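The next block holds one structure in the form of structure tokens; read it before the comments.
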Amino acid sequence: MKRYHSKKSWLLVAVFLAGGYVPQVFAAPGSDTEKRWYAGVGVSATNLTFNEANLSVAYSGGTEASFRQAGNTFKLFAGHQFDPILGVELGVISFGEIVMDVNSRQSNVFTANAAYIDAVVTQPMFKNIDFQARLGTSFWSLMDNDDNEIESGQGLTYGVGVNIDLYGGDERTLLIEWERYNFSGVALKEADSVSANIKFKF
């Protein structure tokens, strides 16, 4: 089943890339952009969906446990624009921590992280605002507070956002984005992330 989902993720990315590239065959001459590379950093509010029962059985010793999300969520990324519309992006994201409390005392902290590769399509909307959509795959892991890997896998990721040129010149932009990461793990299910990112083009 994991192999099937892996092939499905890569097939969707290929279709997404093709969909963004084909219109460029008919693009007008001189419509290319000079700044093809970019990098950025962002902070986000993330909602992690996880299986409390499975984590409790494995780590609470049979005692009733409660769970809460904590920690900072951040994202680092870099990418390349093939043309004004189509690009590819690599990045890492920390989803924060899942804190398990047993008898009202903290007993374990789980950390979720992922690396991803996405196809990114950008479409101008207004003079200083572009619409952005992404589709790709992520390689994720869930660790306990002793840095032991609980589980890991590969899953589909997708999202939409707006890229806002606040400064003029297009060298620095503000990217506001919603993303969904599908994990389909025994403990970790999915994550929804809303982020604010500063994007530097060079």
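The chains in the structure tokens are called A, B, ... from first to last as shown; in each chain the residues are counted from 1, and the ligands are counted from 1 in the order shown.
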
Residues within 8 Å of A:Phe202, only C-alpha atoms, excluding chain neighbours under 5 positions, as a list in words: Lys35, Arg36, Trp37, Tyr38 and Glu171 of chain A

Keeping only N, CA and C atoms, take the residues you just selected and write them out as a short mmCIF file (atom, residue, chain, number, x, y, z; two decimals), in the first residue's frame.
data_model
loop_
_atom_site.label_atom_id
_atom_site.label_comp_id
_atom_site.auth_asym_id
_atom_site.auth_seq_id
_atom_site.Cartn_x
_atom_site.Cartn_y
_atom_site.Cartn_z
N LYS A 35 15.47 36.66 -12.37
CA LYS A 35 15.75 36.07 -11.05
C LYS A 35 15.07 34.70 -10.98
N ARG A 36 15.86 33.67 -11.13
CA ARG A 36 15.30 32.31 -11.20
C ARG A 36 15.41 31.56 -9.88
N TRP A 37 16.33 31.93 -9.01
CA TRP A 37 16.52 31.21 -7.75
C TRP A 37 15.90 32.00 -6.60
N TYR A 38 15.46 31.27 -5.59
CA TYR A 38 14.92 31.93 -4.40
C TYR A 38 15.13 31.06 -3.17
N GLU A 171 12.51 41.58 -5.31
CA GLU A 171 13.58 40.81 -4.69
C GLU A 171 13.12 40.13 -3.41
#

All residues 8 Å or closer to A:Asp130, only C-alpha atoms, same chain fewer than 3 positions away omitted, as a count of residues only: 8

Top pick for closest residue to A:Tyr181, considering A:Asn54, A:Gln132, A:Gln106, A:Ser94 and counting only C-alpha atoms: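 The shortest atom-to-atom distance to A:Tyr181 comes from A:Ser94.
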
Backbone DSSP call of strand (DSSP E) for chain A, listed as number ranges by chain: A: 37-50, 65-70, 74-81, 86-102, 105-124, 129-143, 149-164, 172-182, 188-201

Stretch 192-200 of chain A surroundings by only C-alpha atoms, 7 Å radius, close-in-sequence under 2 positions cut, as JSON, numbers by chain: {"A": [38, 39, 40, 41, 42, 43, 44, 45, 46, 47, 48, 171, 172, 173, 174, 175, 176, 177, 178, 179, 180, 181, 190, 202]}

Could those residues be written to a file, using C-alpha atoms, as a PDB file, in the first residue's frame?
ATOM      1  CA  TYR A  38      14.918  31.932  -4.404  1.00  0.00           C
ATOM      2  CA  ALA A  39      15.148  30.986  -0.738  1.00  0.00           C
ATOM      3  CA  GLY A  40      13.035  31.752   2.267  1.00  0.00           C
ATOM      4  CA  VAL A  41      12.087  31.208   5.876  1.00  0.00           C
ATOM      5  CA  GLY A  42       8.714  31.186   7.551  1.00  0.00           C
ATOM      6  CA  VAL A  43       6.731  30.592  10.720  1.00  0.00           C
ATOM      7  CA  SER A  44       3.391  28.856  10.814  1.00  0.00           C
ATOM      8  CA  ALA A  45       0.415  27.768  12.852  1.00  0.00           C
ATOM      9  CA  THR A  46       0.044  24.014  12.433  1.00  0.00           C
ATOM     10  CA  ASN A  47      -2.705  21.614  13.409  1.00  0.00           C
ATOM     11  CA  LEU A  48      -1.395  18.052  13.726  1.00  0.00           C
ATOM     12  CA  GLU A 171      13.579  40.810  -4.693  1.00  0.00           C
ATOM     13  CA  ARG A 172      11.711  40.237  -1.416  1.00  0.00           C
ATOM     14  CA  THR A 173       8.122  39.084  -1.148  1.00  0.00           C
ATOM     15  CA  LEU A 174       5.725  37.986   1.564  1.00  0.00           C
ATOM     16  CA  LEU A 175       4.228  34.534   0.966  1.00  0.00           C
ATOM     17  CA  ILE A 176       1.045  33.634   2.874  1.00  0.00           C
ATOM     18  CA  GLU A 177       0.226  29.970   2.361  1.00  0.00           C
ATOM     19  CA  TRP A 178      -1.948  27.071   3.455  1.00  0.00           C
ATOM     20  CA  GLU A 179      -0.509  23.563   3.108  1.00  0.00           C
ATOM     21  CA  ARG A 180      -1.719  20.033   3.780  1.00  0.00           C
ATOM     22  CA  TYR A 181       0.674  17.172   4.552  1.00  0.00           C
ATOM     23  CA  GLU A 190      -1.885  14.622   8.722  1.00  0.00           C
ATOM     24  CA  PHE A 202      18.365  36.160  -6.576  1.00  0.00           C
TER      25      PHE A 202
END

Shortest interatomic distance to A:Leu86 - which of A:Val120, A:Asn148, A:Phe74, A:Tyr167, counting only C-alpha atoms: A:Val120

Option closest in space to A:Val92, from A:Thr137, A:Ala119, A:Tyr59, A:Asn51 [counting only C-alpha atoms]: A:Thr137

Who sits within 6 Å of stretch 66-73 of chain A, only C-alpha atoms, same chain under 4 positions skipped, as a list in words: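 Here the answer would be Val43, Ser44, Ser94, Phe95, Gly96, Glu97, Ile98, Val99, Met100 and Asp101 of chain A.
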
Test item, alpha helix (DSSP H) assignment across stretch 1-198 of chain A, answer as a list in words: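 Alpha helix (DSSP H) assignments inside stretch 1-198 of chain A correspond to Lys2, Arg3, Tyr4, His5, Ser6, Lys7, Lys8, Ser9, Trp10, Leu11, Leu12, Val13, Ala14, Val15, Phe16, Leu17, Ala18, Gly19, Gly20, Tyr21, Glu52, Ala53, Asn54, Leu55, Ser56, Val57, Ala58 and Tyr59 of chain A.
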
Write to file, as a PDB file, in the first residue's frame, the residues of the selection just made, with N, CA and C atoms.
ATOM      1  N   LYS A   2       1.970   1.271   0.802  1.00  0.00           N
ATOM      2  CA  LYS A   2       2.853   2.431   0.823  1.00  0.00           C
ATOM      3  C   LYS A   2       3.475   2.653  -0.538  1.00  0.00           C
ATOM      4  N   ARG A   3       3.847   1.545  -1.232  1.00  0.00           N
ATOM      5  CA  ARG A   3       4.446   1.681  -2.546  1.00  0.00           C
ATOM      6  C   ARG A   3       3.445   2.288  -3.524  1.00  0.00           C
ATOM      7  N   TYR A   4       2.188   1.909  -3.400  1.00  0.00           N
ATOM      8  CA  TYR A   4       1.151   2.465  -4.274  1.00  0.00           C
ATOM      9  C   TYR A   4       1.011   3.968  -4.049  1.00  0.00           C
ATOM     10  N   HIS A   5       0.955   4.386  -2.767  1.00  0.00           N
ATOM     11  CA  HIS A   5       0.823   5.810  -2.471  1.00  0.00           C
ATOM     12  C   HIS A   5       2.038   6.576  -2.941  1.00  0.00           C
ATOM     13  N   SER A   6       3.232   5.963  -2.844  1.00  0.00           N
ATOM     14  CA  SER A   6       4.451   6.626  -3.309  1.00  0.00           C
ATOM     15  C   SER A   6       4.389   6.877  -4.807  1.00  0.00           C
ATOM     16  N   LYS A   7       3.994   5.859  -5.586  1.00  0.00           N
ATOM     17  CA  LYS A   7       3.881   6.017  -7.038  1.00  0.00           C
ATOM     18  C   LYS A   7       2.820   7.055  -7.379  1.00  0.00           C
ATOM     19  N   LYS A   8       1.724   7.058  -6.625  1.00  0.00           N
ATOM     20  CA  LYS A   8       0.649   8.012  -6.880  1.00  0.00           C
ATOM     21  C   LYS A   8       1.133   9.436  -6.646  1.00  0.00           C
ATOM     22  N   SER A   9       1.921   9.651  -5.586  1.00  0.00           N
ATOM     23  CA  SER A   9       2.437  10.988  -5.287  1.00  0.00           C
ATOM     24  C   SER A   9       3.312  11.495  -6.412  1.00  0.00           C
ATOM     25  N   TRP A  10       4.237  10.647  -6.888  1.00  0.00           N
ATOM     26  CA  TRP A  10       5.155  11.072  -7.947  1.00  0.00           C
ATOM     27  C   TRP A  10       4.417  11.291  -9.267  1.00  0.00           C
ATOM     28  N   LEU A  11       3.380  10.494  -9.534  1.00  0.00           N
ATOM     29  CA  LEU A  11       2.598  10.677 -10.755  1.00  0.00           C
ATOM     30  C   LEU A  11       1.870  12.017 -10.735  1.00  0.00           C
ATOM     31  N   LEU A  12       1.302  12.376  -9.590  1.00  0.00           N
ATOM     32  CA  LEU A  12       0.609  13.649  -9.472  1.00  0.00           C
ATOM     33  C   LEU A  12       1.559  14.822  -9.652  1.00  0.00           C
ATOM     34  N   VAL A  13       2.770  14.697  -9.108  1.00  0.00           N
ATOM     35  CA  VAL A  13       3.771  15.753  -9.278  1.00  0.00           C
ATOM     36  C   VAL A  13       4.117  15.919 -10.749  1.00  0.00           C
ATOM     37  N   ALA A  14       4.292  14.792 -11.462  1.00  0.00           N
ATOM     38  CA  ALA A  14       4.633  14.844 -12.885  1.00  0.00           C
ATOM     39  C   ALA A  14       3.530  15.528 -13.686  1.00  0.00           C
ATOM     40  N   VAL A  15       2.275  15.203 -13.380  1.00  0.00           N
ATOM     41  CA  VAL A  15       1.148  15.830 -14.074  1.00  0.00           C
ATOM     42  C   VAL A  15       1.110  17.326 -13.778  1.00  0.00           C
ATOM     43  N   PHE A  16       1.375  17.679 -12.535  1.00  0.00           N
ATOM     44  CA  PHE A  16       1.375  19.083 -12.124  1.00  0.00           C
ATOM     45  C   PHE A  16       2.458  19.864 -12.858  1.00  0.00           C
ATOM     46  N   LEU A  17       3.645  19.273 -12.969  1.00  0.00           N
ATOM     47  CA  LEU A  17       4.741  19.909 -13.696  1.00  0.00           C
ATOM     48  C   LEU A  17       4.387  20.100 -15.164  1.00  0.00           C
ATOM     49  N   ALA A  18       3.823  19.059 -15.757  1.00  0.00           N
ATOM     50  CA  ALA A  18       3.460  19.141 -17.170  1.00  0.00           C
ATOM     51  C   ALA A  18       2.397  20.209 -17.400  1.00  0.00           C
ATOM     52  N   GLY A  19       1.440  20.281 -16.488  1.00  0.00           N
ATOM     53  CA  GLY A  19       0.383  21.275 -16.619  1.00  0.00           C
ATOM     54  C   GLY A  19       0.897  22.690 -16.547  1.00  0.00           C
ATOM     55  N   GLY A  20       1.954  22.903 -15.745  1.00  0.00           N
ATOM     56  CA  GLY A  20       2.528  24.233 -15.660  1.00  0.00           C
ATOM     57  C   GLY A  20       3.450  24.540 -16.809  1.00  0.00           C
ATOM     58  N   TYR A  21       4.042  23.523 -17.428  1.00  0.00           N
ATOM     59  CA  TYR A  21       5.042  23.754 -18.464  1.00  0.00           C
ATOM     60  C   TYR A  21       4.424  23.947 -19.846  1.00  0.00           C
ATOM     61  N   GLU A  52      -4.156   9.444  19.238  1.00  0.00           N
ATOM     62  CA  GLU A  52      -3.854   9.495  20.667  1.00  0.00           C
ATOM     63  C   GLU A  52      -3.865   8.106  21.299  1.00  0.00           C
ATOM     64  N   ALA A  53      -4.789   7.255  20.861  1.00  0.00           N
ATOM     65  CA  ALA A  53      -4.898   5.922  21.456  1.00  0.00           C
ATOM     66  C   ALA A  53      -3.630   5.106  21.225  1.00  0.00           C
ATOM     67  N   ASN A  54      -3.097   5.140  20.005  1.00  0.00           N
ATOM     68  CA  ASN A  54      -1.891   4.367  19.708  1.00  0.00           C
ATOM     69  C   ASN A  54      -0.682   4.884  20.477  1.00  0.00           C
ATOM     70  N   LEU A  55      -0.530   6.204  20.571  1.00  0.00           N
ATOM     71  CA  LEU A  55       0.582   6.767  21.334  1.00  0.00           C
ATOM     72  C   LEU A  55       0.436   6.461  22.820  1.00  0.00           C
ATOM     73  N   SER A  56      -0.782   6.519  23.325  1.00  0.00           N
ATOM     74  CA  SER A  56      -1.018   6.252  24.740  1.00  0.00           C
ATOM     75  C   SER A  56      -0.697   4.810  25.097  1.00  0.00           C
ATOM     76  N   VAL A  57      -1.132   3.879  24.264  1.00  0.00           N
ATOM     77  CA  VAL A  57      -0.858   2.462  24.513  1.00  0.00           C
ATOM     78  C   VAL A  57       0.637   2.185  24.512  1.00  0.00           C
ATOM     79  N   ALA A  58       1.360   2.812  23.594  1.00  0.00           N
ATOM     80  CA  ALA A  58       2.786   2.542  23.448  1.00  0.00           C
ATOM     81  C   ALA A  58       3.643   3.217  24.508  1.00  0.00           C
ATOM     82  N   TYR A  59       3.197   4.372  25.057  1.00  0.00           N
ATOM     83  CA  TYR A  59       4.105   5.168  25.885  1.00  0.00           C
ATOM     84  C   TYR A  59       3.594   5.531  27.275  1.00  0.00           C
TER      85      TYR A  59
END
